[in-house]
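Colleague: Starting off with a structure, shown below.
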Number of protein chains: 2
Amino acid sequence: MSNLISIKSATLSEDIAQQLISAIVQGHIPQGSKISEPELAKQYGVSRGPLREAIVKLEGLGLVTRTANIGARVIKLNIQDMLDTFTMREALEGMAARLAAITMQTEEVRSLYALLDKHQAYLDDNQDEHYVQQGGNDDFHLRIIHASGNAKLIRLLTEELYAVIRMYRRHTADQRNDPRQALREHRAILDAIANHEGDLAELLMRRHISRASQLLKQAMEQTVLASPP
Amino acid sequence: MSNLISIKSATLSEDIAQQLISAIVQGHIPQGSKISEPELAKQYGVSRGPLREAIVKLEGLGLVTRTANIGARVIKLNIQDMLDTFTMREALEGMAARLAAITMQTEEVRSLYALLDKHQAYLDDNQDEHYVQQGGNDDFHLRIIHASGNAKLIRLLTEELYAVIRMYRRHTADQRNDPRQALREHRAILDAIANHEGDLAELLMRRHISRASQLLKQAMEQTVLASPP
DNA sequence: AAAAACAAAACTGTCGACAATCCCACTTGA
DNA sequence: TCAAGTGGGATTGTCGACAGTTTTGTTTTT
């Protein structure tokens with residue numbers, strides 16, 4: 001039975017990779033579970049060839065680990081890996097903010113202020129509920145990253161790291177996170193960018209991400225992540 | 001005819017990936033050239049299955065770009081991509097230096113000073129010739145990266161980015177680079193780490209890499225990188 | 001002679017099958 | 001009873017072949 005819905009790409013391998021990424025990030029394939037090639041091949045209605053290529057790609061994204069002659073397993077989320085990942089984000093997005101501060105045009109600055117106003121209005125209207133910015137054009141962080149103009153940085157952050165980051169966000173209900181506080185921090189970062197203060201923009205972005213990682217850590221410590229073996 | 005020499009790994013796909021990485025980095029497969037699956041399969045004496053998996057992996061490493069139904073091409077080196085890559089390095093290795101400064105033990109500090117003394121002695125004995133630190137345990141940068149203790153950072157820098165970085169280093173004869181100056185900078189970075197001055201260590205590492213990238217840029221501007229199409 | 005149309009060759013994407021390895025349950029021996 | 005050994009079943013790694021697309025070379029047309 002074919003589960004290959006909607007996402008029609010040029011090649012089967014691509015399709016399946018996207019499907020698997022989505023399934024893993026959303027927890028449909030549980031963390032730590034084994035990836036059975038025959039099972040998934042039957043499930044998606046394809047042969048093992050393209051499926052294996054997709055798995056190799058997932059390994060590159062850090063979503064699964066592979067062992068020769070044994071197979072692939074979905075990664076297990078844990079606090080240390082999360083902190084390590086967010087430390088990298090801190091360095092990279094901090095740099096992105098710095099670059100954005102140097103090069104951003106007034107038109108883009110205005111557009112970003114408008115975006116933050118939109119977020120503000122959403123919070124006012126929806127009793128501080130989280131604004132669902134699922135990686136689209138409404139995500140402040142993604143906008144800053146793209147504004148950096150550094151193609152390598154953009155690819156790394158938006159294509160390679162984002163899957164894992166979203167996985168961490170999704171699997172811990174971080175209620176702790178105060179969206180109004182986050183919005184204030186976003187505004188401060190944008191102010192620095194608007195004034196072309198690269199140092200400050202980087203510093204603020206780093207603090208912002210560091211705070212988020214600490215909150216996520218606390219949330220993970222309370223969430224029972226995985227039953228002990 | 002089989003070209004699979006020496007590097008015997010658990011799986012053919014792994015072997016071929018390593019062989020291809022080496023061939024591309026060392027320029028044996030020229031940049032911009034097309035990767036022909038039948039040709040390479042025959043050359044390495046394997047079928048197209050494992051070869052394709054290796055190519056998918058190379059794509060993840062950013063060494064080749066793939067287009068559906070057309071195939072893979074080795075990347076073309078150019079100044080902008082190099083600068084973008086080194087900017088990322090700046091952010092990441094700067095962070096690595098900061099982390100190393102926080103956590104490094106006195107024993108490891110001593111060992112690194114000994115390494116720098118060794119480099120010094122080599123320069124004295126060999127008329128300032130470059131010390132060949134081909135990614136081994138004698139590479140100061142790799143030592144710092146590992147000392148960061150951040151597994152994700154280590155993997156990204158040493159497994160994913162290093163191939164491309166080495167490719168840039170190898171394809172431009174940057175005679176401009178003064179090894180004694182580099183060594184002085186290494187020593188300053190290590191001093192900061194020894195004193196557990198994270199801010200300073202990060203700053204110095206960033207400057208060090210920034211300087212190297214500027215030198216490499218000048219070298220690339222003079223080197224005729226590729227004949228214009 | 002240059003451009004468009006067409007046909008054949010080559011290449012990539014995909015599939016099913018075989019070989020090698022691993023896993024698990026069962027048996028055997030102390 | 002428990003440890004080691006053993007055999008069958010399942011899974012991964014690899015291969016050769018077919019289908020669809022792209023490329024190339026030729027022919028035809030203007």
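Letters A, B, ... go to the chains of the structure tokens in the order shown; residues in each chain start at 1; ligands are counted from 1 in the same order.
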Please find the residues of chain A near chain B - the criterion being any atom within 7 Å, counting only C-alpha atoms - and write them as a list in words.

Modeller: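 Contact residues on the first chain: Ala10, Thr11, Glu53, Val56, Lys57, Gly60, Ala68, Asp84, Thr85, Met88, Ala91, Leu92, Met95, Asn150, Ala151, Lys152 and Leu153 of chain A.
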
Colleague: Could you list, as an MDAnalysis selection string, the residues of chain D having an atom within 10 Å of chain A when counting only C-alpha atoms (C1' of nucleotides)?

Modeller: chainID D and resid 11:13

Colleague: Given the selection you just returned, output its residues as a file containing all heavy atoms, formatted as a PDB file, in the first residue's frame.

Modeller:
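Saved the output as part.pdb:
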ATOM      1  P    DT D  11      12.754  -8.945   8.746  1.00  0.00           P
ATOM      2  OP1  DT D  11      11.964  -8.089   9.645  1.00  0.00           O
ATOM      3  OP2  DT D  11      12.239  -9.335   7.407  1.00  0.00           O
ATOM      4  O5'  DT D  11      14.191  -8.270   8.552  1.00  0.00           O
ATOM      5  C5'  DT D  11      15.099  -8.218   9.643  1.00  0.00           C
ATOM      6  C4'  DT D  11      16.455  -7.732   9.164  1.00  0.00           C
ATOM      7  O4'  DT D  11      17.186  -8.837   8.565  1.00  0.00           O
ATOM      8  C3'  DT D  11      16.384  -6.637   8.088  1.00  0.00           C
ATOM      9  O3'  DT D  11      17.246  -5.580   8.412  1.00  0.00           O
ATOM     10  C2'  DT D  11      16.820  -7.353   6.816  1.00  0.00           C
ATOM     11  C1'  DT D  11      17.770  -8.404   7.361  1.00  0.00           C
ATOM     12  N1   DT D  11      17.915  -9.578   6.455  1.00  0.00           N
ATOM     13  C2   DT D  11      19.173 -10.038   6.166  1.00  0.00           C
ATOM     14  O2   DT D  11      20.185  -9.543   6.613  1.00  0.00           O
ATOM     15  N3   DT D  11      19.198 -11.114   5.315  1.00  0.00           N
ATOM     16  C4   DT D  11      18.115 -11.756   4.739  1.00  0.00           C
ATOM     17  O4   DT D  11      18.259 -12.710   3.988  1.00  0.00           O
ATOM     18  C5   DT D  11      16.824 -11.210   5.081  1.00  0.00           C
ATOM     19  C7   DT D  11      15.578 -11.816   4.505  1.00  0.00           C
ATOM     20  C6   DT D  11      16.793 -10.160   5.921  1.00  0.00           C
ATOM     21  P    DT D  12      17.272  -4.250   7.572  1.00  0.00           P
ATOM     22  OP1  DT D  12      17.114  -3.144   8.518  1.00  0.00           O
ATOM     23  OP2  DT D  12      16.336  -4.416   6.431  1.00  0.00           O
ATOM     24  O5'  DT D  12      18.758  -4.224   6.987  1.00  0.00           O
ATOM     25  C5'  DT D  12      19.864  -4.303   7.882  1.00  0.00           C
ATOM     26  C4'  DT D  12      21.135  -4.683   7.138  1.00  0.00           C
ATOM     27  O4'  DT D  12      20.939  -5.949   6.446  1.00  0.00           O
ATOM     28  C3'  DT D  12      21.558  -3.683   6.060  1.00  0.00           C
ATOM     29  O3'  DT D  12      22.963  -3.455   6.158  1.00  0.00           O
ATOM     30  C2'  DT D  12      21.192  -4.373   4.749  1.00  0.00           C
ATOM     31  C1'  DT D  12      21.375  -5.832   5.117  1.00  0.00           C
ATOM     32  N1   DT D  12      20.571  -6.762   4.288  1.00  0.00           N
ATOM     33  C2   DT D  12      21.213  -7.805   3.642  1.00  0.00           C
ATOM     34  O2   DT D  12      22.417  -7.994   3.726  1.00  0.00           O
ATOM     35  N3   DT D  12      20.388  -8.626   2.903  1.00  0.00           N
ATOM     36  C4   DT D  12      19.033  -8.521   2.740  1.00  0.00           C
ATOM     37  O4   DT D  12      18.408  -9.318   2.049  1.00  0.00           O
ATOM     38  C5   DT D  12      18.425  -7.414   3.433  1.00  0.00           C
ATOM     39  C7   DT D  12      16.943  -7.197   3.313  1.00  0.00           C
ATOM     40  C6   DT D  12      19.209  -6.597   4.162  1.00  0.00           C
ATOM     41  P    DG D  13      23.672  -2.332   5.251  1.00  0.00           P
ATOM     42  OP1  DG D  13      24.776  -1.734   6.032  1.00  0.00           O
ATOM     43  OP2  DG D  13      22.614  -1.470   4.687  1.00  0.00           O
ATOM     44  O5'  DG D  13      24.304  -3.186   4.074  1.00  0.00           O
ATOM     45  C5'  DG D  13      25.406  -4.029   4.366  1.00  0.00           C
ATOM     46  C4'  DG D  13      25.914  -4.700   3.102  1.00  0.00           C
ATOM     47  O4'  DG D  13      24.906  -5.608   2.590  1.00  0.00           O
ATOM     48  C3'  DG D  13      26.241  -3.751   1.950  1.00  0.00           C
ATOM     49  O3'  DG D  13      27.481  -4.141   1.354  1.00  0.00           O
ATOM     50  C2'  DG D  13      25.077  -3.917   0.996  1.00  0.00           C
ATOM     51  C1'  DG D  13      24.703  -5.366   1.206  1.00  0.00           C
ATOM     52  N9   DG D  13      23.308  -5.686   0.908  1.00  0.00           N
ATOM     53  C8   DG D  13      22.191  -5.038   1.360  1.00  0.00           C
ATOM     54  N7   DG D  13      21.064  -5.566   0.927  1.00  0.00           N
ATOM     55  C5   DG D  13      21.483  -6.637   0.150  1.00  0.00           C
ATOM     56  C6   DG D  13      20.725  -7.584  -0.579  1.00  0.00           C
ATOM     57  O6   DG D  13      19.498  -7.669  -0.675  1.00  0.00           O
ATOM     58  N1   DG D  13      21.540  -8.510  -1.228  1.00  0.00           N
ATOM     59  C2   DG D  13      22.909  -8.511  -1.185  1.00  0.00           C
ATOM     60  N2   DG D  13      23.524  -9.469  -1.870  1.00  0.00           N
ATOM     61  N3   DG D  13      23.635  -7.629  -0.510  1.00  0.00           N
ATOM     62  C4   DG D  13      22.855  -6.725   0.134  1.00  0.00           C
TER      63       DG D  13
END

Colleague: Would you pick out the contacts of C:DG29 at 10 Å or less, using only C-alpha atoms (C1' of nucleotides), so that residues sharing its chain but fewer than 4 positions from it are not included, and give the list as number ranges by chain?

Modeller: D: 3-5

Colleague: Do a neighbour search on stretch 196-209 of chain A at 6 Å with only C-alpha atoms (C1' of nucleotides), toss out local chain neighbours closer than 5 positions, and write the hits as a list in words.

Modeller: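 Within the cut-off, the hits are Glu90, Gly94, Ala97, Arg98, Ala101, Ile102 and Ile189 of chain A.
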
Colleague: Next, dump the selected residues to file, keeping only N, CA, C and O atoms, as a compact mmCIF listing (two decimals), in the first residue's frame.

Modeller:
# COMPACT_ATOMS: atom_id res chain seq x y z
N GLU A 90 23.87 28.75 18.47
CA GLU A 90 24.27 30.02 19.06
C GLU A 90 25.39 30.65 18.23
O GLU A 90 25.31 31.83 17.86
N GLY A 94 24.22 33.54 15.69
CA GLY A 94 24.86 34.77 16.13
C GLY A 94 25.60 35.42 14.98
O GLY A 94 25.48 36.62 14.73
N ALA A 97 23.16 36.91 12.52
CA ALA A 97 22.65 38.20 12.95
C ALA A 97 23.68 39.30 12.68
O ALA A 97 23.34 40.40 12.23
N ARG A 98 24.94 38.99 12.96
CA ARG A 98 26.00 39.97 12.69
C ARG A 98 26.02 40.34 11.22
O ARG A 98 26.04 41.52 10.85
N ALA A 101 23.10 42.42 10.19
CA ALA A 101 23.22 43.80 10.64
C ALA A 101 24.09 44.61 9.69
O ALA A 101 23.87 45.80 9.49
N ILE A 102 25.06 43.95 9.09
CA ILE A 102 25.97 44.67 8.20
C ILE A 102 25.31 45.00 6.87
O ILE A 102 25.44 46.09 6.34
N ILE A 189 16.88 42.40 19.00
CA ILE A 189 17.82 41.98 17.96
C ILE A 189 17.62 42.81 16.69
O ILE A 189 18.57 43.30 16.09

Colleague: Counting only C-alpha atoms (C1' of nucleotides), collect the residues of chain C whose closest atom lies at most 10 Å from chain B, and write them out as a list in words.

Modeller: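 For chain C, the answer reads DA10, DC11, DT12 and DG13 of chain C.
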
Colleague: Can you list, as a ChimeraX atom specification, every residue of stretch 97-128 of chain B that DSSP puts in helix (DSSP H, G or I)?

Modeller: /B:97-103,106-125

Colleague: Considering only C-alpha atoms (C1' of nucleotides), return as a PyMOL selection string whatever protein or nucleic-acid residues lie within 12 Å of D:DG9, sequence-local ones (same chain, fewer than 6 positions apart) excluded.

Modeller: chain C and resi 22-25

Colleague: Based on DSSP run over this structure's backbone, return all residues of stretch 56-215 of chain B in strand (DSSP E), as a PyMOL selection string.

Modeller: chain B and resi 64-67+71-74
